[in-house]
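**Q** Contents are PDB, C-alpha atoms; file name start31.pdb:
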```
ATOM      1  CA  MET U  47     102.130-119.697 -34.672  1.00  0.00           C
ATOM      2  CA  LYS U  48     101.854-115.953 -34.370  1.00  0.00           C
ATOM      3  CA  TYR U  49     100.839-114.361 -31.097  1.00  0.00           C
ATOM      4  CA  MET U  50     100.394-110.706 -30.271  1.00  0.00           C
ATOM      5  CA  LEU U  51     101.333-109.529 -26.800  1.00  0.00           C
ATOM      6  CA  ILE U  52      99.338-106.347 -26.249  1.00  0.00           C
ATOM      7  CA  MET U  53     100.585-103.976 -23.559  1.00  0.00           C
ATOM      8  CA  ARG U  54      97.732-102.531 -21.520  1.00  0.00           C
ATOM      9  CA  ALA U  55      97.917 -99.758 -18.962  1.00  0.00           C
ATOM     10  CA  THR U  56      95.579 -97.943 -16.593  1.00  0.00           C
ATOM     11  CA  ASP U  57      95.662 -94.449 -15.138  1.00  0.00           C
ATOM     12  CA  GLU U  58      97.354 -96.055 -12.120  1.00  0.00           C
ATOM     13  CA  THR U  59     100.083 -97.414 -14.405  1.00  0.00           C
ATOM     14  CA  PHE U  60     100.723 -94.031 -15.993  1.00  0.00           C
ATOM     15  CA  ALA U  61     100.833 -92.365 -12.559  1.00  0.00           C
ATOM     16  CA  ALA U  62     103.349 -94.928 -11.262  1.00  0.00           C
ATOM     17  CA  PHE U  63     105.693 -94.352 -14.225  1.00  0.00           C
ATOM     18  CA  GLN U  64     105.327 -90.569 -14.336  1.00  0.00           C
ATOM     19  CA  ASP U  65     108.640 -90.006 -12.556  1.00  0.00           C
ATOM     20  CA  ALA U  66     110.430 -93.092 -13.914  1.00  0.00           C
ATOM     21  CA  ASP U  67     113.748 -92.663 -15.706  1.00  0.00           C
ATOM     22  CA  PHE U  68     112.927 -92.971 -19.423  1.00  0.00           C
ATOM     23  CA  THR U  69     116.453 -94.214 -20.190  1.00  0.00           C
ATOM     24  CA  GLU U  70     116.021 -97.090 -17.726  1.00  0.00           C
ATOM     25  CA  ILE U  71     112.661 -97.988 -19.272  1.00  0.00           C
ATOM     26  CA  MET U  72     114.179 -97.975 -22.770  1.00  0.00           C
ATOM     27  CA  ASP U  73     117.139-100.058 -21.599  1.00  0.00           C
ATOM     28  CA  SER U  74     114.917-102.723 -20.040  1.00  0.00           C
ATOM     29  CA  MET U  75     112.620-102.849 -23.100  1.00  0.00           C
ATOM     30  CA  GLY U  76     115.636-102.904 -25.404  1.00  0.00           C
ATOM     31  CA  LYS U  77     117.192-105.822 -23.534  1.00  0.00           C
ATOM     32  CA  PHE U  78     113.888-107.735 -23.621  1.00  0.00           C
ATOM     33  CA  ASN U  79     113.454-107.071 -27.350  1.00  0.00           C
ATOM     34  CA  ASP U  80     117.062-108.118 -28.002  1.00  0.00           C
ATOM     35  CA  GLU U  81     116.487-111.363 -26.114  1.00  0.00           C
ATOM     36  CA  MET U  82     113.474-112.136 -28.310  1.00  0.00           C
ATOM     37  CA  ILE U  83     115.416-111.196 -31.464  1.00  0.00           C
ATOM     38  CA  ARG U  84     118.278-113.529 -30.490  1.00  0.00           C
ATOM     39  CA  ALA U  85     115.729-116.302 -29.776  1.00  0.00           C
ATOM     40  CA  GLY U  86     114.261-115.761 -33.246  1.00  0.00           C
ATOM     41  CA  VAL U  87     110.689-115.142 -32.039  1.00  0.00           C
ATOM     42  CA  LEU U  88     110.209-111.367 -32.470  1.00  0.00           C
ATOM     43  CA  LEU U  89     108.438-110.346 -35.686  1.00  0.00           C
ATOM     44  CA  ALA U  90     107.522-106.755 -34.764  1.00  0.00           C
ATOM     45  CA  ALA U  91     107.283-104.445 -31.782  1.00  0.00           C
ATOM     46  CA  GLU U  92     105.667-101.026 -31.665  1.00  0.00           C
ATOM     47  CA  GLY U  93     104.589 -98.578 -29.016  1.00  0.00           C
ATOM     48  CA  LEU U  94     101.465 -96.453 -29.290  1.00  0.00           C
ATOM     49  CA  ASP U  95     101.148 -92.755 -28.489  1.00  0.00           C
ATOM     50  CA  PRO U  96     100.384 -92.622 -24.747  1.00  0.00           C
ATOM     51  CA  ASP U  97      98.071 -89.616 -25.177  1.00  0.00           C
ATOM     52  CA  PRO U  98      94.504 -90.898 -25.695  1.00  0.00           C
ATOM     53  CA  GLU U  99      93.487 -87.467 -26.952  1.00  0.00           C
ATOM     54  CA  SER U 100      95.679 -87.965 -30.043  1.00  0.00           C
ATOM     55  CA  GLY U 101      93.536 -90.886 -31.213  1.00  0.00           C
ATOM     56  CA  VAL U 102      90.092 -91.210 -32.679  1.00  0.00           C
ATOM     57  CA  VAL U 103      87.360 -93.835 -32.510  1.00  0.00           C
ATOM     58  CA  VAL U 104      85.409 -94.917 -35.581  1.00  0.00           C
ATOM     59  CA  ASP U 105      82.037 -96.268 -34.421  1.00  0.00           C
ATOM     60  CA  TYR U 106      80.267 -98.528 -36.917  1.00  0.00           C
ATOM     61  CA  SER U 107      77.010 -98.780 -34.931  1.00  0.00           C
ATOM     62  CA  SER U 108      75.061 -96.642 -37.422  1.00  0.00           C
ATOM     63  CA  GLU U 109      74.796 -96.821 -41.198  1.00  0.00           C
ATOM     64  CA  THR U 110      77.353 -94.042 -41.571  1.00  0.00           C
ATOM     65  CA  PRO U 111      80.451 -94.528 -39.393  1.00  0.00           C
ATOM     66  CA  VAL U 112      80.833 -91.851 -36.720  1.00  0.00           C
ATOM     67  CA  VAL U 113      84.320 -90.555 -35.905  1.00  0.00           C
ATOM     68  CA  THR U 114      84.922 -89.259 -32.369  1.00  0.00           C
ATOM     69  CA  ASP U 115      88.111 -87.603 -31.153  1.00  0.00           C
ATOM     70  CA  GLY U 116      89.791 -89.005 -28.037  1.00  0.00           C
ATOM     71  CA  PRO U 117      89.826 -89.359 -25.128  1.00  0.00           C
ATOM     72  CA  TYR U 118      87.927 -92.581 -25.022  1.00  0.00           C
ATOM     73  CA  GLY U 119      85.639 -91.681 -22.127  1.00  0.00           C
ATOM     74  CA  GLU U 120      84.864 -94.754 -20.033  1.00  0.00           C
ATOM     75  CA  THR U 121      87.957 -96.702 -21.083  1.00  0.00           C
ATOM     76  CA  LYS U 122      89.578 -98.274 -18.025  1.00  0.00           C
ATOM     77  CA  GLU U 123      92.660 -99.466 -19.897  1.00  0.00           C
ATOM     78  CA  LEU U 124      94.527 -98.298 -22.976  1.00  0.00           C
ATOM     79  CA  PHE U 125      96.650-100.347 -25.319  1.00  0.00           C
ATOM     80  CA  GLY U 126     100.190 -99.012 -25.087  1.00  0.00           C
ATOM     81  CA  GLY U 127     101.882-101.073 -27.758  1.00  0.00           C
ATOM     82  CA  PHE U 128     102.501-104.618 -28.863  1.00  0.00           C
ATOM     83  CA  TRP U 129     104.977-107.340 -29.657  1.00  0.00           C
ATOM     84  CA  MET U 130     104.283-109.784 -32.484  1.00  0.00           C
ATOM     85  CA  LEU U 131     105.886-113.163 -31.848  1.00  0.00           C
ATOM     86  CA  ASN U 132     106.313-116.321 -33.879  1.00  0.00           C
ATOM     87  CA  VAL U 133     106.365-119.111 -31.308  1.00  0.00           C
ATOM     88  CA  ALA U 134     105.409-122.779 -31.129  1.00  0.00           C
ATOM     89  CA  SER U 135     102.491-122.418 -28.718  1.00  0.00           C
ATOM     90  CA  LYS U 136     100.369-120.164 -26.549  1.00  0.00           C
ATOM     91  CA  GLU U 137     102.329-121.434 -23.569  1.00  0.00           C
ATOM     92  CA  GLU U 138     105.573-120.152 -25.100  1.00  0.00           C
ATOM     93  CA  ALA U 139     103.926-116.768 -25.747  1.00  0.00           C
ATOM     94  CA  VAL U 140     102.851-116.690 -22.094  1.00  0.00           C
ATOM     95  CA  GLU U 141     106.398-117.417 -20.958  1.00  0.00           C
ATOM     96  CA  TRP U 142     107.726-114.510 -23.039  1.00  0.00           C
ATOM     97  CA  ALA U 143     104.998-112.220 -21.683  1.00  0.00           C
ATOM     98  CA  LYS U 144     105.953-113.142 -18.112  1.00  0.00           C
ATOM     99  CA  ARG U 145     109.475-111.879 -18.830  1.00  0.00           C
ATOM    100  CA  ALA U 146     108.386-108.505 -20.239  1.00  0.00           C
ATOM    101  CA  PRO U 147     109.654-105.530 -18.224  1.00  0.00           C
ATOM    102  CA  MET U 148     106.193-104.266 -17.358  1.00  0.00           C
ATOM    103  CA  ALA U 149     106.086-104.553 -13.566  1.00  0.00           C
ATOM    104  CA  GLY U 150     103.856-102.011 -11.915  1.00  0.00           C
ATOM    105  CA  PRO U 151     100.315-101.324 -10.796  1.00  0.00           C
ATOM    106  CA  GLY U 152      97.745-101.837 -13.548  1.00  0.00           C
ATOM    107  CA  SER U 153     100.277-103.149 -16.085  1.00  0.00           C
ATOM    108  CA  LYS U 154      98.980-106.082 -18.091  1.00  0.00           C
ATOM    109  CA  ALA U 155      99.708-107.931 -21.302  1.00  0.00           C
ATOM    110  CA  GLU U 156      96.920-109.495 -23.321  1.00  0.00           C
ATOM    111  CA  ILE U 157      97.953-112.472 -25.456  1.00  0.00           C
ATOM    112  CA  ARG U 158      96.034-113.169 -28.638  1.00  0.00           C
ATOM    113  CA  ARG U 159      96.754-115.651 -31.406  1.00  0.00           C
ATOM    114  CA  VAL U 160      96.959-114.068 -34.850  1.00  0.00           C
ATOM    115  CA  ALA U 161      95.201-116.003 -37.597  1.00  0.00           C
ATOM    116  CA  THR U 162      97.348-116.580 -40.669  1.00  0.00           C
ATOM    117  CA  ILE U 163      96.235-116.261 -44.262  1.00  0.00           C
ATOM    118  CA  ASP U 164      96.441-120.073 -44.545  1.00  0.00           C
ATOM    119  CA  GLU U 165      93.475-120.389 -42.177  1.00  0.00           C
ATOM    120  CA  PHE U 166      91.079-118.649 -44.562  1.00  0.00           C
ATOM    121  CA  PRO U 167      89.362-120.253 -47.597  1.00  0.00           C
ATOM    122  CA  GLN U 168      92.068-120.424 -50.261  1.00  0.00           C
ATOM    123  CA  ASP U 169      89.529-120.472 -53.109  1.00  0.00           C
ATOM    124  CA  ASN U 170      88.286-116.980 -52.148  1.00  0.00           C
ATOM    125  CA  VAL U 171      89.330-114.386 -54.741  1.00  0.00           C
ATOM    126  CA  TRP U 172      90.210-111.797 -52.055  1.00  0.00           C
ATOM    127  CA  ILE U 173      92.393-114.255 -50.182  1.00  0.00           C
ATOM    128  CA  GLN U 174      94.129-115.102 -53.461  1.00  0.00           C
ATOM    129  CA  LYS U 175      94.751-111.400 -54.158  1.00  0.00           C
ATOM    130  CA  GLU U 176      96.070-110.846 -50.647  1.00  0.00           C
ATOM    131  CA  ARG U 177      98.328-113.901 -50.928  1.00  0.00           C
ATOM    132  CA  ALA U 178      99.743-112.559 -54.223  1.00  0.00           C
ATOM    133  CA  TRP U 179     100.366-109.160 -52.603  1.00  0.00           C
ATOM    134  CA  ARG U 180     102.052-110.778 -49.592  1.00  0.00           C
ATOM    135  CA  GLU U 181     104.263-112.891 -51.879  1.00  0.00           C
ATOM    136  CA  ALA U 182     105.167-109.852 -54.005  1.00  0.00           C
ATOM    137  CA  THR U 183     106.150-107.839 -50.929  1.00  0.00           C
ATOM    138  CA  GLY U 184     108.157-110.660 -49.330  1.00  0.00           C
ATOM    139  CA  GLN U 185     105.693-111.273 -46.507  1.00  0.00           C
ATOM    140  CA  LEU U 186     105.216-114.936 -47.466  1.00  0.00           C
TER     141      LEU U 186
END
```
Starting from the file, give its structure as structure tokens.

**A**
Amino acid sequence: MKYMLIMRATDETFAAFQDADFTEIMDSMGKFNDEMIRAGVLLAAEGLDPDPESGVVVDYSSETPVVTDGPYGETKELFGGFWMLNVASKEEAVEWAKRAPMAGPGSKAEIRRVATIDEFPQDNVWIQKERAWREATGQL
């Protein structure tokens, strides 16, 4: 099963890491990622730009989507990045998340299962097209 571990941070988190040694942070993340690679569970890992002003929000509340530049206003937490894991269970994903080098005030990881293409109706023409694309690109 695929699970996404989503790194979340608050203003308190960013303040606590403001003076942290970036090399030490990269070393601890690198070691954690390497451990997951060696265990055969890491599918992908990416960090997001920490500056909320560099992003935009597309709001679909009206007939025409409205695009708003960051920052995100009332947002209490921002997603900082993610790990995509292929593990046997949610419990295993939780155990990996507990080992992530994210100690600090406001640091959290959200764990969400990722639905696979096999869980959607296979007789749907769009699912069939996506499956063909995934097979052609080596994703299946």

**Q** I need the output of the PyMOL selection byres ((chain U and resi 54) around 10) for this file as an MDAnalysis selection string; which residues are they?

**A** chainID U and resid 51:53 55:56 59 122:128 148 152:156

**Q** So how many Å separate CA of Leu186 (chain U) and CA of Asn79 (chain U), to one decimal?

**A**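 These atoms are spaced 23.1 Å apart.
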
**Q** For region 173-180 of chain U, list every protein, DNA or RNA residue within 10 Å, evaluated using all atoms listed in the file, and leave out those in the same chain fewer than 6 positions away; present the list as a list in words.

**A**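 Non-adjacent residues within range: Ile163, Asp164, Phe166, Pro167 and Leu186 of chain U.
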
**Q** Might you spell out which residues the PyMOL selection byres ((chain U and resi 115) around 10) would select in the displayed file, as a ChimeraX atom specification?

**A** /U:98-104,113-114,116-118

**Q** Please measure the separation of CA of Tyr49 (chain U) and CA of Leu88 (chain U), giving the value in Å to one decimal.

**A**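 Those two atoms sit 9.9 Å apart.
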
**Q** I'd like the interatomic distance between CA of Pro147 (chain U) and CA of Phe78 (chain U), to a tenth of an Å.

**A**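 CA of Phe78 (chain U) lies at a distance of 7.2 Å from CA of Pro147 (chain U).
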
**Q** Between U:Gly150, U:Lys48, U:Ala182, U:Glu137, which one has atoms that come closest to Ala62 (chain U), using all atoms listed in the file?

**A**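 So, comparing all the options, the nearest one is U:Gly150.
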
**Q** Excluding Leu131 (chain U) and its own-chain neighbours fewer than 6 positions away, which residues fall within 10 Å of it when counting only C-alpha atoms? Please give them as a PyMOL selection string.

**A** chain U and resi 47-51+82-83+86-91+138-139+142+159-160

**Q** Pick out the closest residue to Glu92 (chain U) from this set: U:Pro151, U:Gly184, U:Glu141, U:Met75. Count all atoms listed in the file.

**A**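 Closest to Glu92 (chain U), using all atoms listed in the file: U:Met75.
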